[in-house]
file data19.txt (compact mmCIF, C-alpha atoms)
# COMPACT_ATOMS: atom_id res chain seq x y z
CA ASP A 24 0.00 0.00 0.00
CA LEU A 25 2.90 2.36 0.76
CA GLU A 26 4.27 2.13 -2.79
CA GLY A 27 0.84 3.00 -4.14
CA GLN A 28 0.59 5.99 -1.78
CA ILE A 29 4.02 7.19 -2.90
CA HIS A 30 2.94 7.11 -6.53
CA LEU A 31 -0.24 9.05 -5.70
CA GLU A 32 1.79 11.62 -3.77
CA LEU A 33 4.23 11.97 -6.67
CA GLY A 34 1.26 12.42 -8.98
CA ALA A 35 -0.04 15.25 -6.81
CA LEU A 36 3.39 16.91 -6.75
CA TYR A 37 3.83 16.68 -10.52
CA ASP A 38 0.34 18.09 -10.90
CA ARG A 39 1.40 21.13 -8.85
CA LEU A 40 4.36 21.50 -11.19
CA LYS A 41 1.88 21.41 -14.09
CA ASP A 42 3.55 18.32 -15.56
CA ALA A 43 0.36 16.53 -16.58
CA ASP A 44 2.04 13.54 -18.26
CA ALA A 45 4.18 12.66 -15.23
CA ALA A 46 1.26 13.32 -12.86
CA TYR A 47 -1.06 10.99 -14.75
CA LEU A 48 1.58 8.26 -15.01
CA HIS A 49 2.07 8.19 -11.24
CA MET A 50 -1.67 8.42 -10.53
CA GLU A 51 -2.25 5.47 -12.83
CA LYS A 52 0.46 3.39 -11.15
CA GLY A 53 -0.74 4.37 -7.68
CA ASN A 54 -4.31 3.31 -8.41
CA GLN A 55 -3.14 0.06 -10.00
CA PHE A 56 -1.31 -0.77 -6.77
CA GLN A 57 -4.44 0.09 -4.78
CA ALA A 58 -6.53 -2.24 -6.95
CA GLN A 59 -4.07 -5.10 -6.42
CA ILE A 60 -3.88 -4.63 -2.65
CA HIS A 61 -7.63 -4.16 -2.13
CA LYS A 62 -8.76 -6.97 -4.42
CA GLN A 63 -11.97 -7.68 -2.51
CA ALA A 64 -13.19 -4.08 -2.54
CA TYR A 65 -12.12 -3.72 -6.17
CA GLY A 66 -14.19 -6.76 -7.11
CA GLU A 67 -17.16 -5.48 -5.11
CA ARG A 68 -17.33 -2.26 -7.15
CA PHE A 69 -19.65 -4.14 -9.52
CA ASP A 70 -22.02 -4.66 -6.59
CA PHE A 71 -22.19 -0.88 -6.16
CA LEU A 72 -22.97 -0.35 -9.85
CA ALA A 73 -25.74 -2.95 -9.56
CA LYS A 74 -27.00 -1.16 -6.45
CA LEU A 75 -27.52 2.01 -8.47
CA ASP A 76 -29.68 0.07 -10.91
CA GLN A 77 -31.69 -1.41 -8.04
CA LEU A 78 -32.32 2.02 -6.53
CA GLU A 79 -33.85 3.19 -9.80
CA THR A 80 -36.51 0.47 -9.58
CA TYR A 81 -38.08 2.26 -6.58
CA LEU A 82 -39.06 5.13 -8.90
CA THR A 83 -42.50 3.80 -9.79
CA ASP A 84 -45.21 5.77 -11.60
CA ASP A 85 -47.35 6.08 -8.45
CA LEU A 86 -44.54 7.31 -6.18
CA ALA A 87 -45.31 11.01 -6.58
CA ALA A 88 -48.92 10.38 -5.49
CA SER A 89 -47.92 8.60 -2.26
CA PRO A 90 -49.65 9.87 0.90
CA LEU A 91 -47.22 12.17 2.71
CA PRO A 92 -46.62 12.31 6.46
CA GLU A 93 -46.99 15.46 8.51
CA SER A 94 -43.84 17.57 8.50
CA ASP A 95 -43.41 17.36 12.26
CA VAL A 96 -43.65 13.58 12.71
CA GLY A 97 -41.87 12.80 15.97
CA GLY A 98 -41.42 16.50 16.66
CA GLN A 99 -38.33 16.68 14.39
CA ARG A 100 -38.01 19.24 11.63
CA ASP A 101 -37.13 17.81 8.21
CA PRO A 102 -33.42 18.27 7.44
CA VAL A 103 -31.61 19.85 4.53
CA PHE A 104 -29.78 17.21 2.50
CA LEU A 105 -26.59 18.41 0.81
CA PHE A 106 -25.20 16.08 -1.84
CA GLY A 107 -23.86 15.87 -5.39
CA PHE A 108 -20.81 13.79 -6.25
CA PRO A 109 -17.48 13.42 -4.41
CA ARG A 110 -15.05 16.28 -5.08
CA SER A 111 -17.82 18.66 -6.15
CA GLY A 112 -17.47 21.22 -3.37
CA THR A 113 -19.85 19.72 -0.81
CA THR A 114 -17.31 20.12 2.03
CA LEU A 115 -16.77 23.82 1.34
CA LEU A 116 -20.50 24.44 1.01
CA GLY A 117 -21.23 22.46 4.17
CA GLN A 118 -18.74 24.55 6.15
CA VAL A 119 -20.23 27.76 4.80
CA LEU A 120 -23.73 26.70 5.82
CA ASP A 121 -22.52 25.56 9.24
CA SER A 122 -21.33 29.09 9.95
CA HIS A 123 -24.98 30.23 10.04
CA ALA A 124 -26.33 30.43 13.57
CA GLU A 125 -29.52 28.51 12.73
CA LEU A 126 -27.86 25.67 10.80
CA GLN A 127 -25.81 22.68 11.91
CA THR A 128 -23.92 20.68 9.31
CA LEU A 129 -23.29 16.98 9.85
CA GLU A 130 -20.23 15.92 7.84
CA GLU A 131 -20.39 12.58 6.01
CA ARG A 132 -21.81 10.25 8.61
CA GLY A 133 -23.77 7.08 7.99
CA THR A 134 -27.18 8.54 8.88
CA VAL A 135 -28.81 8.18 5.46
CA GLY A 136 -27.19 4.79 4.97
CA ALA A 137 -28.66 3.55 8.27
CA MET A 138 -32.14 4.65 7.21
CA VAL A 139 -31.83 3.11 3.73
CA ARG A 140 -30.68 -0.21 5.21
CA ALA A 141 -33.69 -0.13 7.56
CA PHE A 142 -35.97 0.58 4.57
CA GLU A 143 -34.55 -2.36 2.61
CA GLN A 144 -34.82 -4.70 5.57
CA MET A 145 -38.37 -3.50 6.21
CA THR A 146 -39.60 -3.95 2.63
CA GLN A 147 -37.63 -7.08 1.64
CA GLY A 148 -37.84 -6.27 -2.07
CA ARG A 149 -41.64 -6.13 -2.13
CA GLN A 150 -43.38 -4.61 -5.15
CA ASN A 151 -43.74 -0.81 -5.01
CA ALA A 152 -41.63 -0.89 -1.85
CA LEU A 153 -41.15 2.88 -1.66
CA ALA A 154 -44.57 4.05 -2.84
CA GLY A 155 -46.29 1.50 -0.61
CA LEU A 156 -44.73 2.58 2.69
CA THR A 157 -47.34 3.03 5.41
CA ALA A 158 -47.46 6.02 7.75
CA GLU A 159 -46.18 3.79 10.55
CA GLU A 160 -43.26 2.57 8.45
CA VAL A 161 -42.34 6.13 7.48
CA ALA A 162 -42.42 7.13 11.16
CA THR A 163 -40.14 4.21 12.00
CA LEU A 164 -37.66 5.20 9.29
CA ARG A 165 -37.61 8.77 10.58
CA GLU A 166 -36.86 7.44 14.05
CA VAL A 167 -34.00 5.33 12.69
CA TYR A 168 -32.58 8.36 10.92
CA PHE A 169 -32.73 10.76 13.87
CA ALA A 170 -31.39 8.09 16.25
CA SER A 171 -28.38 7.81 13.94
CA VAL A 172 -27.99 11.60 13.83
CA LYS A 173 -27.99 11.69 17.62
CA GLN A 174 -24.91 9.46 17.68
CA TYR A 175 -22.88 12.18 15.99
CA LEU A 176 -24.51 15.53 16.75
CA ASP A 177 -26.50 17.28 19.47
CA LEU A 178 -29.01 19.40 17.60
CA ARG A 179 -29.57 22.80 19.16
CA PRO A 180 -33.23 23.70 19.79
CA GLY A 181 -34.66 25.53 16.78
CA SER A 182 -31.70 24.78 14.50
CA THR A 183 -31.98 23.05 11.13
CA LEU A 184 -29.82 20.05 10.34
CA VAL A 185 -27.78 20.05 7.12
CA ASP A 186 -26.86 16.44 6.37
CA LYS A 187 -23.91 16.50 4.00
CA MET A 188 -23.04 13.26 2.20
CA PRO A 189 -21.99 13.51 -1.46
CA LEU A 190 -23.50 10.26 -2.74
CA SER A 191 -26.82 10.66 -0.92
CA THR A 192 -27.81 11.87 -4.39
CA MET A 193 -28.67 8.28 -5.26
CA HIS A 194 -31.06 8.07 -2.29
CA ALA A 195 -32.89 11.33 -2.96
CA HIS A 196 -36.18 9.56 -3.82
CA ILE A 197 -36.09 7.54 -0.59
CA LEU A 198 -35.28 10.68 1.38
CA TRP A 199 -38.18 12.54 -0.24
CA ARG A 200 -40.61 9.73 0.63
CA VAL A 201 -39.58 9.81 4.29
CA PHE A 202 -38.90 13.58 4.49
CA PRO A 203 -41.21 15.13 1.87
CA TYR A 204 -40.78 18.62 3.33
CA ALA A 205 -36.98 18.47 3.33
CA LYS A 206 -34.88 20.83 1.26
CA PHE A 207 -32.23 19.41 -1.04
CA ILE A 208 -29.03 21.08 -2.26
CA LEU A 209 -27.24 19.59 -5.26
CA ALA A 210 -23.59 20.63 -5.47
CA ILE A 211 -22.47 20.26 -9.07
CA ARG A 212 -19.04 20.57 -10.68
CA HIS A 213 -17.85 20.01 -14.23
CA PRO A 214 -17.80 16.21 -14.59
CA CYS A 215 -14.27 16.18 -16.01
CA ASP A 216 -12.97 17.98 -12.91
CA ALA A 217 -15.06 15.95 -10.45
CA CYS A 218 -14.08 12.60 -11.98
CA LEU A 219 -10.39 13.43 -12.36
CA SER A 220 -10.28 14.70 -8.78
CA CYS A 221 -11.82 11.43 -7.52
CA TYR A 222 -9.23 9.48 -9.51
CA MET A 223 -6.43 11.52 -7.89
CA GLN A 224 -7.53 10.94 -4.28
CA HIS A 225 -6.25 8.33 -1.84
CA PHE A 226 -9.64 7.41 -0.37
CA ALA A 227 -10.24 4.84 2.36
CA MET A 228 -11.10 1.73 0.38
CA ASN A 229 -14.61 0.29 0.06
CA GLU A 230 -16.88 -0.86 -2.78
CA VAL A 231 -17.75 2.75 -3.67
CA ASN A 232 -14.26 4.26 -3.58
CA ALA A 233 -12.89 1.25 -5.47
CA CYS A 234 -14.82 2.61 -8.46
CA PHE A 235 -12.45 5.60 -8.46
CA LEU A 236 -9.36 3.49 -9.16
CA SER A 237 -9.91 3.86 -12.89
CA LEU A 238 -11.16 6.83 -14.88
CA GLU A 239 -13.50 4.58 -16.85
CA ASP A 240 -15.24 3.29 -13.72
CA THR A 241 -15.33 6.79 -12.22
CA ALA A 242 -17.04 8.16 -15.32
CA ARG A 243 -19.45 5.21 -15.34
CA VAL A 244 -20.46 5.87 -11.72
CA TYR A 245 -20.83 9.61 -12.35
CA ALA A 246 -23.09 8.98 -15.34
CA LYS A 247 -25.24 6.47 -13.45
CA VAL A 248 -25.63 8.69 -10.39
CA MET A 249 -26.52 11.77 -12.42
CA ARG A 250 -28.91 9.83 -14.67
CA LEU A 251 -30.66 8.56 -11.56
CA TRP A 252 -30.84 12.09 -10.15
CA GLN A 253 -32.32 13.39 -13.40
CA ARG A 254 -34.97 10.68 -13.33
CA ILE A 255 -35.76 11.48 -9.66
CA ILE A 256 -36.40 15.17 -10.34
CA ASP A 257 -38.43 14.28 -13.44
CA VAL A 258 -40.72 12.07 -11.33
CA LEU A 259 -40.83 13.80 -7.93
CA PRO A 260 -41.54 17.37 -6.76
CA LEU A 261 -38.29 17.78 -4.84
CA ASN A 262 -37.68 21.18 -3.27
CA TYR A 263 -34.08 21.47 -4.46
CA HIS A 264 -31.50 24.08 -5.34
CA ARG A 265 -28.51 23.45 -7.59
CA ILE A 266 -25.25 25.28 -6.99
CA ARG A 267 -22.18 25.03 -9.22
CA TYR A 268 -18.80 24.75 -7.51
CA GLU A 269 -17.31 27.05 -10.15
CA ASP A 270 -19.83 29.76 -9.23
CA LEU A 271 -19.24 29.30 -5.50
CA VAL A 272 -15.48 29.88 -5.76
CA SER A 273 -15.65 32.66 -8.36
CA ASN A 274 -18.48 34.66 -6.76
CA PHE A 275 -18.73 33.67 -3.11
call {"tool": "encode", "arguments": {"input": "data19.txt", "output": "structure tokens"}}
result
Amino acid sequence: DLEGQIHLELGALYDRLKDADAAYLHMEKGNQFQAQIHKQAYGERFDFLAKLDQLETYLTDDLAASPLPESDVGGQRDPVFLFGFPRSGTTLLGQVLDSHAELQTLEERGTVGAMVRAFEQMTQGRQNALAGLTAEEVATLREVYFASVKQYLDLRPGSTLVDKMPLSTMHAHILWRVFPYAKFILAIRHPCDACLSCYMQHFAMNEVNACFLSLEDTARVYAKVMRLWQRIIDVLPLNYHRIRYEDLVSNF
């Protein structure tokens, strides 16, 4: 693993020197080492790609007409969900929002993942799993989510939670079904920059980050995630705002 890290570090240094050929060569070697060392995670990247396809099946024609819960179920205000794609400026934007006295940003914790796992365990692949959620099931999923939040953050009375997790984009339809009054922020960056930046990072390895060990897989994931997002906003009345990273840094 150390040799791979050294190549990635050399790639970053050559990039600073604006030597693109040398930078890319070392990035490529570094990621090849990572793929060899983390063979299990690298093999499991196909499971993640299949997962994206599975998530799209929850977008049924009757989803938008699902009965919605009250906004204050359990006495908890619906959060703001900040997502997009890794390396698209979500961290910067999350820190900016956290500086507001009435907002609290939660940085990349497994809160949404815990709720989605509970949803999948609850529904067991049943037909129209998302659209067919009962009011009681929605309330349970909200409880799972806020119990997970409580592990990481003490919400101040009256403050609004900003849950920042880049790839929560792929769960936006599930989030809307459970939190229909939530606000969503999509952080977007030019796909060439976002994908190349993912390829250049030394991420902790798992089935998702293993996709970033080649530019081809990175581009494939980006396209799948953004296609899913486009379908979600075509089907559902999400209250969302899109902000471009390039605009954020050029006109703060």
call {"tool": "atom_distance", "arguments": {"input": "data19.txt", "atom1": "CA of Leu184 in chain A", "atom2": "CA of Leu198 in chain A"}}
result
14.1 Å
call {"tool": "atom_distance", "arguments": {"input": "data19.txt", "atom1": "CA of Phe71 in chain A", "atom2": "CA of Ala233 in chain A"}}
result
9.6 Å
call {"tool": "atom_distance", "arguments": {"input": "data19.txt", "atom1": "CA of Glu51 in chain A", "atom2": "CA of His225 in chain A"}}
result
12.0 Å
call {"tool": "residues_around", "arguments": {"input": "data19.txt", "residues": "Arg267 in chain A", "least_positions_apart": "5", "cutoff": "7 Å", "atoms": "all atoms listed in the file", "output": "mmCIF file with C-alpha atoms, in the coordinates of the input"}}
result
data_model
loop_
_atom_site.group_PDB
_atom_site.id
_atom_site.type_symbol
_atom_site.label_atom_id
_atom_site.label_comp_id
_atom_site.auth_asym_id
_atom_site.auth_seq_id
_atom_site.Cartn_x
_atom_site.Cartn_y
_atom_site.Cartn_z
ATOM 1 C CA ALA A 210 -23.590 20.630 -5.470
ATOM 2 C CA ILE A 211 -22.470 20.260 -9.070
ATOM 3 C CA ARG A 212 -19.040 20.570 -10.680
#
call {"tool": "closest_atom_pairs", "arguments": {"input": "data19.txt", "of": "range 25-99 of chain A", "to": "range 153-157 of chain A", "cutoff": "8 Å", "atoms": "only C-alpha atoms", "output": "JSON lines"}}
result
{"residue": "A:Tyr81", "atom": "CA", "partner": "A:Leu153", "partner_atom": "CA", "distance": 5.8}
{"residue": "A:Leu82", "atom": "CA", "partner": "A:Leu153", "partner_atom": "CA", "distance": 7.9}
{"residue": "A:Thr83", "atom": "CA", "partner": "A:Ala154", "partner_atom": "CA", "distance": 7.3}
{"residue": "A:Asp85", "atom": "CA", "partner": "A:Ala154", "partner_atom": "CA", "distance": 6.6}
{"residue": "A:Leu86", "atom": "CA", "partner": "A:Ala154", "partner_atom": "CA", "distance": 4.7}
{"residue": "A:Ala87", "atom": "CA", "partner": "A:Ala154", "partner_atom": "CA", "distance": 7.9}
{"residue": "A:Ser89", "atom": "CA", "partner": "A:Ala154", "partner_atom": "CA", "distance": 5.7}
call {"tool": "closest_residue", "arguments": {"input": "data19.txt", "among": "A:Val139, A:Ala88, A:Met50, A:Val167", "to": "Leu36 in chain A", "atoms": "only C-alpha atoms"}}
result
A:Met50
call {"tool": "residues_around", "arguments": {"input": "data19.txt", "residues": "Gln55 in chain A", "least_positions_apart": "6", "cutoff": "9 Å", "atoms": "only C-alpha atoms", "output": "MDAnalysis selection string"}}
result
chainID A and resid 27 236:237
call {"tool": "closest_residue", "arguments": {"input": "data19.txt", "among": "A:Phe142, A:Phe235, A:Tyr204, A:Phe226", "to": "Leu78 in chain A", "atoms": "all atoms listed in the file"}}
result
A:Phe142
call {"tool": "residues_around", "arguments": {"input": "data19.txt", "residues": "Arg265 in chain A", "least_positions_apart": "4", "cutoff": "12 Å", "atoms": "all atoms listed in the file", "output": "PyMOL selection string"}}
result
chain A and resi 104-107+111+113+116+206-212+252+256+261+270-271
call {"tool": "closest_residue", "arguments": {"input": "data19.txt", "among": "A:Ile266, A:Ala152, A:Met145, A:Leu75", "to": "Leu190 in chain A", "atoms": "all atoms listed in the file"}}
result
A:Leu75
call {"tool": "closest_residue", "arguments": {"input": "data19.txt", "among": "A:Val172, A:Val119, A:Val244, A:Met223", "to": "Leu33 in chain A", "atoms": "only C-alpha atoms"}}
result
A:Met223
call {"tool": "residues_around", "arguments": {"input": "data19.txt", "residues": "Ala205 in chain A", "least_positions_apart": "2", "cutoff": "7 Å", "atoms": "only C-alpha atoms", "output": "PyMOL selection string"}}
result
chain A and resi 101-103+202-203+207
call {"tool": "axis_aligned_box", "arguments": {"input": "data19.txt", "around": "range 177-190 of chain A", "padding_each_side": "8 Å", "output": "AutoDock Vina command-line options"}}
result
--center_x -28.3 --center_y 17.9 --center_z 8.5 --size_x 28.7 --size_y 31.3 --size_z 38.5
call {"tool": "closest_residue", "arguments": {"input": "data19.txt", "among": "A:Tyr168, A:Tyr268, A:Phe56, A:Tyr65", "to": "Met228 in chain A", "atoms": "all atoms listed in the file"}}
result
A:Tyr65
call {"tool": "closest_residue", "arguments": {"input": "data19.txt", "among": "A:Lys62, A:Arg68, A:Arg165, A:Lys187", "to": "Gly117 in chain A", "atoms": "all atoms listed in the file"}}
result
A:Lys187
call {"tool": "build_atoms", "arguments": {"input": "data19.txt", "residues": "range 115-137 of chain A", "atoms": "N, CA and C atoms", "output": "JSON list (two decimals), keeping the file's coordinate frame"}}
result
[["chain", "number", "residue", "atom", "x", "y", "z"],
["A", 115, "LEU", "N", -16.82, 22.36, 1.23],
["A", 115, "LEU", "CA", -16.77, 23.82, 1.34],
["A", 115, "LEU", "C", -18.15, 24.39, 1.61],
["A", 116, "LEU", "N", -19.14, 23.93, 0.85],
["A", 116, "LEU", "CA", -20.50, 24.44, 1.01],
["A", 116, "LEU", "C", -21.06, 24.07, 2.38],
["A", 117, "GLY", "N", -20.77, 22.88, 2.85],
["A", 117, "GLY", "CA", -21.23, 22.46, 4.17],
["A", 117, "GLY", "C", -20.65, 23.33, 5.27],
["A", 118, "GLN", "N", -19.38, 23.69, 5.14],
["A", 118, "GLN", "CA", -18.74, 24.55, 6.15],
["A", 118, "GLN", "C", -19.33, 25.96, 6.12],
["A", 119, "VAL", "N", -19.61, 26.44, 4.93],
["A", 119, "VAL", "CA", -20.23, 27.76, 4.80],
["A", 119, "VAL", "C", -21.59, 27.77, 5.49],
["A", 120, "LEU", "N", -22.40, 26.76, 5.22],
["A", 120, "LEU", "CA", -23.73, 26.70, 5.82],
["A", 120, "LEU", "C", -23.65, 26.54, 7.34],
["A", 121, "ASP", "N", -22.67, 25.80, 7.81],
["A", 121, "ASP", "CA", -22.52, 25.56, 9.24],
["A", 121, "ASP", "C", -22.19, 26.84, 10.00],
["A", 122, "SER", "N", -21.67, 27.83, 9.29],
["A", 122, "SER", "CA", -21.33, 29.09, 9.95],
["A", 122, "SER", "C", -22.57, 29.92, 10.29],
["A", 123, "HIS", "N", -23.73, 29.53, 9.73],
["A", 123, "HIS", "CA", -24.98, 30.23, 10.04],
["A", 123, "HIS", "C", -25.49, 29.78, 11.40],
["A", 124, "ALA", "N", -25.94, 30.71, 12.19],
["A", 124, "ALA", "CA", -26.33, 30.43, 13.57],
["A", 124, "ALA", "C", -27.49, 29.45, 13.68],
["A", 125, "GLU", "N", -28.34, 29.37, 12.65],
["A", 125, "GLU", "CA", -29.52, 28.51, 12.73],
["A", 125, "GLU", "C", -29.35, 27.19, 11.98],
["A", 126, "LEU", "N", -28.13, 26.92, 11.53],
["A", 126, "LEU", "CA", -27.86, 25.67, 10.80],
["A", 126, "LEU", "C", -26.76, 24.89, 11.49],
["A", 127, "GLN", "N", -26.86, 23.56, 11.43],
["A", 127, "GLN", "CA", -25.81, 22.68, 11.91],
["A", 127, "GLN", "C", -25.52, 21.62, 10.85],
["A", 128, "THR", "N", -24.29, 21.62, 10.36],
["A", 128, "THR", "CA", -23.92, 20.68, 9.31],
["A", 128, "THR", "C", -23.32, 19.42, 9.92],
["A", 129, "LEU", "N", -23.82, 18.28, 9.47],
["A", 129, "LEU", "CA", -23.29, 16.98, 9.85],
["A", 129, "LEU", "C", -22.46, 16.47, 8.68],
["A", 130, "GLU", "N", -21.17, 16.23, 8.92],
["A", 130, "GLU", "CA", -20.23, 15.92, 7.84],
["A", 130, "GLU", "C", -20.08, 14.42, 7.61],
["A", 131, "GLU", "N", -20.64, 13.92, 6.55],
["A", 131, "GLU", "CA", -20.39, 12.58, 6.01],
["A", 131, "GLU", "C", -20.43, 11.47, 7.06],
["A", 132, "ARG", "N", -21.57, 11.35, 7.69],
["A", 132, "ARG", "CA", -21.81, 10.25, 8.61],
["A", 132, "ARG", "C", -22.82, 9.29, 7.99],
["A", 133, "GLY", "N", -22.96, 8.13, 8.60],
["A", 133, "GLY", "CA", -23.77, 7.08, 7.99],
["A", 133, "GLY", "C", -25.25, 7.16, 8.30],
["A", 134, "THR", "N", -25.78, 8.37, 8.47],
["A", 134, "THR", "CA", -27.18, 8.54, 8.88],
["A", 134, "THR", "C", -28.15, 8.10, 7.78],
["A", 135, "VAL", "N", -27.93, 8.56, 6.58],
["A", 135, "VAL", "CA", -28.81, 8.18, 5.46],
["A", 135, "VAL", "C", -28.66, 6.70, 5.16],
["A", 136, "GLY", "N", -27.43, 6.20, 5.21],
["A", 136, "GLY", "CA", -27.19, 4.79, 4.97],
["A", 136, "GLY", "C", -27.93, 3.91, 5.97],
["A", 137, "ALA", "N", -27.95, 4.32, 7.24],
["A", 137, "ALA", "CA", -28.66, 3.55, 8.27],
["A", 137, "ALA", "C", -30.15, 3.49, 7.96]]
